[in-house]
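J.: Sharing coords16.cif, mmCIF, C-alpha atoms:
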data_work
#
loop_
_atom_site.label_atom_id
_atom_site.label_comp_id
_atom_site.auth_asym_id
_atom_site.auth_seq_id
_atom_site.Cartn_x
_atom_site.Cartn_y
_atom_site.Cartn_z
CA MET M 29 32.85 -42.93 20.21
CA ILE M 30 32.20 -43.11 23.91
CA SER M 31 30.98 -45.71 26.35
CA ILE M 32 29.69 -45.35 29.89
CA ARG M 33 30.87 -46.69 33.21
CA GLN M 34 29.90 -45.95 36.79
CA ARG M 35 31.53 -42.86 38.21
CA LYS M 36 34.46 -43.47 40.54
CA GLU M 37 35.82 -41.34 43.36
CA ALA M 38 38.85 -40.62 41.15
CA ASP M 39 36.55 -38.94 38.57
CA LEU M 40 35.27 -36.26 40.95
CA ASP M 41 38.20 -33.84 40.56
CA THR M 42 37.86 -34.02 36.77
CA ILE M 43 34.13 -33.23 36.87
CA VAL M 44 34.58 -30.39 39.34
CA GLY M 45 37.26 -28.98 37.02
CA TRP M 46 34.69 -28.79 34.21
CA VAL M 47 32.63 -26.29 36.24
CA PRO M 48 34.58 -22.99 36.23
CA ASP M 49 32.06 -20.64 37.84
CA ALA M 50 28.64 -20.24 39.45
CA ALA M 51 26.88 -19.79 36.10
CA ALA M 52 28.27 -23.10 34.80
CA LEU M 53 27.33 -24.77 38.09
CA TYR M 54 23.73 -23.55 37.70
CA LEU M 55 23.54 -25.09 34.21
CA PHE M 56 25.00 -28.35 35.62
CA THR M 57 22.90 -28.75 38.79
CA GLY M 58 20.25 -26.04 38.78
CA SER M 59 19.78 -24.65 42.28
CA ARG M 60 20.63 -27.98 43.93
CA LEU M 61 24.29 -27.15 44.67
CA THR M 62 25.96 -23.88 45.57
CA TRP M 63 29.18 -22.32 44.37
CA PRO M 64 31.96 -23.23 44.75
CA LEU M 65 31.48 -26.83 43.68
CA SER M 66 33.59 -29.36 45.54
CA THR M 67 34.19 -33.07 45.22
CA LYS M 68 32.51 -33.48 48.62
CA LYS M 69 29.30 -31.75 47.49
CA LEU M 70 29.20 -33.78 44.29
CA SER M 71 29.80 -37.10 46.03
CA GLU M 72 27.19 -36.36 48.73
CA MET M 73 24.51 -36.41 46.04
CA GLU M 74 25.07 -40.16 45.75
CA SER M 75 23.74 -40.70 49.27
CA ASP M 76 20.35 -41.20 47.59
CA PRO M 77 20.12 -44.99 47.15
CA ASN M 78 18.06 -44.50 43.96
CA LEU M 79 20.79 -42.41 42.29
CA SER M 80 23.67 -43.76 40.23
CA ALA M 81 26.34 -41.55 38.66
CA TRP M 82 27.93 -42.33 35.30
CA ILE M 83 30.91 -41.26 33.23
CA GLY M 84 31.02 -41.10 29.47
CA ALA M 85 34.56 -42.18 28.61
CA SER M 86 36.46 -42.00 25.36
CA ASP M 87 36.76 -45.40 23.71
CA SER M 88 40.24 -44.45 22.47
CA ASN M 89 41.88 -43.57 25.81
CA GLY M 90 39.31 -44.20 28.57
CA LYS M 91 39.41 -40.58 29.77
CA PRO M 92 36.16 -38.98 30.96
CA VAL M 93 34.43 -36.79 28.40
CA GLY M 94 31.06 -36.43 30.13
CA HIS M 95 28.93 -37.14 33.17
CA PHE M 96 25.28 -37.83 34.01
CA ASP M 97 23.32 -39.41 36.78
CA LEU M 98 20.17 -41.48 36.86
CA THR M 99 17.61 -41.52 39.65
CA GLN M 100 15.08 -44.34 39.62
CA HIS M 101 11.52 -44.16 40.94
CA GLY M 102 9.82 -47.36 39.82
CA GLU M 103 9.74 -47.37 36.02
CA THR M 104 10.44 -43.63 35.84
CA PHE M 105 14.06 -42.54 35.65
CA ARG M 106 15.38 -38.99 35.89
CA ILE M 107 18.50 -37.96 34.01
CA GLY M 108 20.42 -35.27 35.86
CA ARG M 109 23.68 -33.41 35.99
CA VAL M 110 24.64 -33.87 32.35
CA ILE M 111 27.92 -32.21 31.49
CA ILE M 112 30.51 -32.52 28.74
CA ASN M 113 34.17 -31.61 29.17
CA PRO M 114 34.27 -27.96 27.96
CA ALA M 115 37.34 -28.72 25.82
CA GLN M 116 35.33 -31.31 23.88
CA ARG M 117 32.01 -29.52 23.37
CA GLY M 118 30.67 -29.02 19.87
CA GLN M 119 31.59 -32.55 18.72
CA GLY M 120 28.19 -34.20 19.22
CA LEU M 121 29.25 -35.90 22.45
CA ALA M 122 26.24 -34.62 24.41
CA GLY M 123 23.83 -36.41 22.09
CA LEU M 124 25.87 -39.61 22.35
CA LEU M 125 26.01 -39.34 26.14
CA VAL M 126 22.27 -38.72 26.50
CA ALA M 127 21.50 -41.61 24.12
CA LEU M 128 23.68 -43.86 26.31
CA ALA M 129 21.87 -42.58 29.42
CA VAL M 130 18.52 -43.44 27.81
CA ALA M 131 19.80 -46.90 26.85
CA LYS M 132 21.04 -47.53 30.40
CA ALA M 133 17.69 -46.45 31.87
CA GLN M 134 15.87 -48.72 29.42
CA ALA M 135 18.13 -51.63 30.36
CA LEU M 136 17.25 -51.00 34.01
CA GLY M 137 13.50 -51.11 33.26
CA ALA M 138 12.51 -47.53 32.46
CA SER M 139 9.22 -46.86 30.72
CA ARG M 140 9.53 -43.09 31.15
CA ILE M 141 12.54 -40.80 31.46
CA THR M 142 12.33 -37.26 32.76
CA LEU M 143 14.77 -34.41 33.12
CA ASN M 144 14.90 -30.74 33.94
CA VAL M 145 16.89 -28.26 31.89
CA ILE M 146 17.49 -24.56 32.46
CA ALA M 147 14.98 -22.82 30.17
CA GLY M 148 17.60 -20.69 28.39
CA ASN M 149 20.02 -23.55 27.73
CA SER M 150 19.19 -23.89 24.02
CA PRO M 151 22.04 -26.28 23.10
CA ALA M 152 20.92 -28.74 25.80
CA ILE M 153 17.25 -28.42 24.87
CA ARG M 154 18.05 -29.12 21.19
CA THR M 155 20.12 -32.15 22.21
CA TYR M 156 17.27 -33.57 24.30
CA GLU M 157 14.71 -32.91 21.57
CA ARG M 158 16.89 -34.72 18.98
CA ILE M 159 16.86 -37.79 21.28
CA GLY M 160 13.05 -37.60 21.46
CA PHE M 161 12.35 -35.71 24.69
CA ARG M 162 9.34 -33.40 24.68
CA THR M 163 8.27 -30.64 27.03
CA ALA M 164 6.38 -32.08 29.99
CA PRO M 165 3.15 -30.49 31.26
CA THR M 166 4.61 -29.06 34.48
CA SER M 167 7.81 -27.58 35.76
CA ALA M 168 9.05 -27.06 39.30
CA GLU M 169 10.43 -23.57 38.65
CA PRO M 170 9.72 -20.97 35.95
CA SER M 171 13.39 -20.95 34.94
CA VAL M 172 13.37 -24.73 34.44
CA LEU M 173 11.89 -26.66 31.54
CA ALA M 174 10.66 -30.16 32.41
CA MET M 175 11.04 -32.71 29.63
CA GLU M 176 10.11 -36.37 29.26
CA LEU M 177 10.62 -39.32 26.99
CA LEU M 178 7.99 -42.08 26.95
CA LEU M 179 9.49 -45.45 26.06
CA ARG M 180 6.40 -47.71 26.07
#
Since I need it in another form, could you write the structure as structure tokens?
T.:
Amino acid sequence: MISIRQRKEADLDTIVGWVPDAAALYLFTGSRLTWPLSTKKLSEMESDPNLSAWIGASDSNGKPVGHFDLTQHGETFRIGRVIINPAQRGQGLAGLLVALAVAKAQALGASRITLNVIAGNSPAIRTYERIGFRTAPTSAEPSVLAMELLLR
């Protein structure tokens, strides 16, 4: 099992290490950040006062296994930058992490949760659909699929 905690400065090197190339970076952040990823670029994203970054940590040893962030706009929250440690993929951790992200957003007052996913990222799309996300009516870019989860 995993639990979540707020991301710390000490986690940044670990997360950057999970992104080996530009293609992986694009799946992680879309076009928002450019290769090479650095701890500075990742931490600068938190300058948005509505954004909070989270770590999914192993309950057995406390080590990070995943990351996501939440951006709040009223009762709508956006889940972004979801990533699982590449060495631990295929174990169902993404679904657990996204479910924890949804629960955190709900606890903070969300009535709607949105996210964008790269259109060809089938494993991520399946994960979001299993949680209950559905394709939203619009998308910012043709290569991006907008999804939403209505909570009330």
J.: Considering all atoms listed in the file, can you say which of M:Asp97, M:Asp87, M:Glu37, M:Glu72 comes closest to Phe56 of chain M?
T.: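 Between M:Asp97, M:Asp87, M:Glu37, M:Glu72, the residue approaching Phe56 of chain M most closely is M:Asp97.
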J.: Using only C-alpha atoms, which protein or nucleic acid residues come within 8 Å of Leu177 of chain M? Drop anything in the same chain fewer than 2 positions from it, and give the result as a compact mmCIF listing (two decimals) with C-alpha atoms, keeping the file's coordinate frame.
T.:
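Written out: around_1.txt:
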# COMPACT_ATOMS: atom_id res chain seq x y z
CA ARG M 140 9.53 -43.09 31.15
CA ILE M 141 12.54 -40.80 31.46
CA THR M 142 12.33 -37.26 32.76
CA GLY M 160 13.05 -37.60 21.46
CA PHE M 161 12.35 -35.71 24.69
CA ARG M 162 9.34 -33.40 24.68
CA MET M 175 11.04 -32.71 29.63
CA LEU M 179 9.49 -45.45 26.06
J.: With only C-alpha atoms as the basis for distance, which of M:Ile32, M:Leu61, M:Ala147, M:Ala174 is at the shortest distance from Val93 of chain M?
T.: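 The closest residue to Val93 of chain M is M:Ile32.
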J.: So which residues get picked by the PyMOL selection byres ((chain M and resi 112) around 7) here, written as a PDB file with C-alpha atoms, in the frame of the given file?
T.:
ATOM      1  CA  VAL M  93      34.430 -36.790  28.400  1.00  0.00           C
ATOM      2  CA  GLY M  94      31.060 -36.430  30.130  1.00  0.00           C
ATOM      3  CA  HIS M  95      28.930 -37.140  33.170  1.00  0.00           C
ATOM      4  CA  ILE M 111      27.920 -32.210  31.490  1.00  0.00           C
ATOM      5  CA  ASN M 113      34.170 -31.610  29.170  1.00  0.00           C
ATOM      6  CA  PRO M 114      34.270 -27.960  27.960  1.00  0.00           C
ATOM      7  CA  GLN M 116      35.330 -31.310  23.880  1.00  0.00           C
ATOM      8  CA  ARG M 117      32.010 -29.520  23.370  1.00  0.00           C
ATOM      9  CA  ALA M 122      26.240 -34.620  24.410  1.00  0.00           C
TER      10      ALA M 122
END
J.: Kindly indicate which residue among M:Ala127, M:Gly102, M:Ala50, M:Leu55 lies nearest to Ser150 of chain M, using only C-alpha atoms for the distances.
T.: M:Leu55
J.: For atom CA of Gln134 of chain M and atom CA of Leu121 of chain M, determine how far apart the two atoms are, in Å to one decimal place.
T.: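 Atom CA of Leu121 of chain M lies 19.8 Å from atom CA of Gln134 of chain M.
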J.: Excluding same-chain residues fewer than 2 positions from Gly123 of chain M, what lies within 8 Å of it counting all atoms listed in the file, as a PDB file with C-alpha atoms, keeping the file's coordinate frame?
T.:
ATOM      1  CA  GLY M 120      28.190 -34.200  19.220  1.00  0.00           C
ATOM      2  CA  LEU M 121      29.250 -35.900  22.450  1.00  0.00           C
ATOM      3  CA  LEU M 125      26.010 -39.340  26.140  1.00  0.00           C
ATOM      4  CA  VAL M 126      22.270 -38.720  26.500  1.00  0.00           C
ATOM      5  CA  ALA M 127      21.500 -41.610  24.120  1.00  0.00           C
ATOM      6  CA  THR M 155      20.120 -32.150  22.210  1.00  0.00           C
ATOM      7  CA  TYR M 156      17.270 -33.570  24.300  1.00  0.00           C
ATOM      8  CA  ARG M 158      16.890 -34.720  18.980  1.00  0.00           C
ATOM      9  CA  ILE M 159      16.860 -37.790  21.280  1.00  0.00           C
TER      10      ILE M 159
END
J.: Taking all atoms listed in the file into account, which of M:Trp46, M:Tyr54, M:Ala133, M:Gln119 comes nearest Leu79 of chain M?
T.: M:Ala133
J.: Could you work out how far atom CA of Asp49 of chain M lies from atom CA of Ile107 of chain M, giving the answer in Å with one decimal?
T.: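 The value is 22.3 Å.
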J.: For atom CA of Leu128 of chain M and atom CA of Ala52 of chain M, determine how far apart the two atoms are, in Å to one decimal place.
T.: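 A separation of 22.9 Å between them.
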J.: Using the file's own x, y and z axes, what box holds all listed atoms of segment 125-137 of chain M with 5 Å on each side, keeping edges along x, y and z, and what are its centre and edge lengths in Å to one decimal, as JSON?
T.:
{"center_x": 19.8, "center_y": -45.2, "center_z": 29.1, "size_x": 22.5, "size_y": 22.9, "size_z": 19.9}
J.: Would you mind putting all heavy atoms back on segment 155-166 of chain M and writing the result as a JSON list (two decimals), keeping the file's coordinate frame?
T.:
[["chain", "number", "residue", "atom", "x", "y", "z"],
["M", 155, "THR", "N", 19.57, -30.80, 22.07],
["M", 155, "THR", "CA", 20.12, -32.15, 22.21],
["M", 155, "THR", "C", 19.03, -33.10, 22.70],
["M", 155, "THR", "O", 18.84, -34.19, 22.14],
["M", 155, "THR", "CB", 21.31, -32.17, 23.18],
["M", 155, "THR", "OG1", 22.37, -31.39, 22.60],
["M", 155, "THR", "CG2", 21.80, -33.58, 23.47],
["M", 156, "TYR", "N", 18.31, -32.70, 23.75],
["M", 156, "TYR", "CA", 17.27, -33.57, 24.30],
["M", 156, "TYR", "C", 16.14, -33.80, 23.29],
["M", 156, "TYR", "O", 15.64, -34.92, 23.16],
["M", 156, "TYR", "CB", 16.72, -32.99, 25.60],
["M", 156, "TYR", "CG", 17.77, -32.87, 26.69],
["M", 156, "TYR", "CD1", 17.89, -31.71, 27.44],
["M", 156, "TYR", "CD2", 18.64, -33.92, 26.97],
["M", 156, "TYR", "CE1", 18.84, -31.59, 28.44],
["M", 156, "TYR", "CE2", 19.60, -33.80, 27.97],
["M", 156, "TYR", "CZ", 19.71, -32.64, 28.69],
["M", 156, "TYR", "OH", 20.66, -32.52, 29.67],
["M", 157, "GLU", "N", 15.78, -32.77, 22.57],
["M", 157, "GLU", "CA", 14.71, -32.91, 21.57],
["M", 157, "GLU", "C", 15.13, -33.86, 20.44],
["M", 157, "GLU", "O", 14.32, -34.65, 19.96],
["M", 157, "GLU", "CB", 14.32, -31.54, 21.00],
["M", 157, "GLU", "CG", 13.53, -30.71, 21.99],
["M", 157, "GLU", "CD", 13.22, -29.31, 21.51],
["M", 157, "GLU", "OE1", 13.91, -28.80, 20.59],
["M", 157, "GLU", "OE2", 12.29, -28.70, 22.08],
["M", 158, "ARG", "N", 16.41, -33.81, 20.03],
["M", 158, "ARG", "CA", 16.89, -34.72, 18.98],
["M", 158, "ARG", "C", 16.81, -36.18, 19.44],
["M", 158, "ARG", "O", 16.58, -37.08, 18.62],
["M", 158, "ARG", "CB", 18.34, -34.39, 18.60],
["M", 158, "ARG", "CG", 18.44, -33.26, 17.60],
["M", 158, "ARG", "CD", 19.83, -33.16, 16.99],
["M", 158, "ARG", "NE", 20.87, -32.83, 17.96],
["M", 158, "ARG", "CZ", 21.24, -31.59, 18.30],
["M", 158, "ARG", "NH1", 20.66, -30.55, 17.75],
["M", 158, "ARG", "NH2", 22.20, -31.40, 19.17],
["M", 159, "ILE", "N", 16.95, -36.43, 20.74],
["M", 159, "ILE", "CA", 16.86, -37.79, 21.28],
["M", 159, "ILE", "C", 15.40, -38.23, 21.35],
["M", 159, "ILE", "O", 15.10, -39.41, 21.37],
["M", 159, "ILE", "CB", 17.50, -37.84, 22.69],
["M", 159, "ILE", "CG1", 18.97, -37.43, 22.64],
["M", 159, "ILE", "CG2", 17.34, -39.21, 23.34],
["M", 159, "ILE", "CD1", 19.88, -38.33, 21.86],
["M", 160, "GLY", "N", 14.47, -37.26, 21.39],
["M", 160, "GLY", "CA", 13.05, -37.60, 21.46],
["M", 160, "GLY", "C", 12.32, -37.04, 22.66],
["M", 160, "GLY", "O", 11.11, -37.26, 22.82],
["M", 161, "PHE", "N", 13.01, -36.31, 23.53],
["M", 161, "PHE", "CA", 12.35, -35.71, 24.69],
["M", 161, "PHE", "C", 11.42, -34.60, 24.23],
["M", 161, "PHE", "O", 11.70, -33.90, 23.26],
["M", 161, "PHE", "CB", 13.39, -35.12, 25.66],
["M", 161, "PHE", "CG", 14.09, -36.15, 26.49],
["M", 161, "PHE", "CD1", 15.21, -36.82, 26.02],
["M", 161, "PHE", "CD2", 13.63, -36.47, 27.76],
["M", 161, "PHE", "CE1", 15.85, -37.77, 26.78],
["M", 161, "PHE", "CE2", 14.26, -37.42, 28.53],
["M", 161, "PHE", "CZ", 15.38, -38.08, 28.04],
["M", 162, "ARG", "N", 10.32, -34.45, 24.94],
["M", 162, "ARG", "CA", 9.34, -33.40, 24.68],
["M", 162, "ARG", "C", 9.06, -32.67, 25.99],
["M", 162, "ARG", "O", 9.19, -33.23, 27.07],
["M", 162, "ARG", "CB", 8.04, -33.98, 24.12],
["M", 162, "ARG", "CG", 8.21, -34.69, 22.80],
["M", 162, "ARG", "CD", 8.63, -33.70, 21.70],
["M", 162, "ARG", "NE", 8.99, -34.38, 20.46],
["M", 162, "ARG", "CZ", 10.22, -34.37, 19.94],
["M", 162, "ARG", "NH1", 11.21, -33.74, 20.52],
["M", 162, "ARG", "NH2", 10.46, -35.00, 18.82],
["M", 163, "THR", "N", 8.60, -31.43, 25.85],
["M", 163, "THR", "CA", 8.27, -30.64, 27.03],
["M", 163, "THR", "C", 7.16, -31.34, 27.81],
["M", 163, "THR", "O", 6.17, -31.77, 27.24],
["M", 163, "THR", "CB", 7.82, -29.23, 26.62],
["M", 163, "THR", "OG1", 8.88, -28.63, 25.85],
["M", 163, "THR", "CG2", 7.52, -28.37, 27.83],
["M", 164, "ALA", "N", 7.37, -31.45, 29.11],
["M", 164, "ALA", "CA", 6.38, -32.08, 29.99],
["M", 164, "ALA", "C", 5.39, -31.01, 30.44],
["M", 164, "ALA", "O", 5.68, -29.82, 30.40],
["M", 164, "ALA", "CB", 7.08, -32.72, 31.18],
["M", 165, "PRO", "N", 4.21, -31.44, 30.91],
["M", 165, "PRO", "CA", 3.15, -30.49, 31.26],
["M", 165, "PRO", "C", 3.50, -29.52, 32.40],
["M", 165, "PRO", "O", 3.01, -28.42, 32.43],
["M", 165, "PRO", "CB", 1.98, -31.37, 31.68],
["M", 165, "PRO", "CG", 2.35, -32.76, 31.31],
["M", 165, "PRO", "CD", 3.79, -32.81, 31.02],
["M", 166, "THR", "N", 4.34, -29.93, 33.33],
["M", 166, "THR", "CA", 4.61, -29.06, 34.48],
["M", 166, "THR", "C", 6.10, -28.89, 34.68],
["M", 166, "THR", "O", 6.90, -29.69, 34.22],
["M", 166, "THR", "CB", 4.02, -29.66, 35.78],
["M", 166, "THR", "OG1", 4.62, -30.93, 36.00],
["M", 166, "THR", "CG2", 2.52, -29.80, 35.68]]
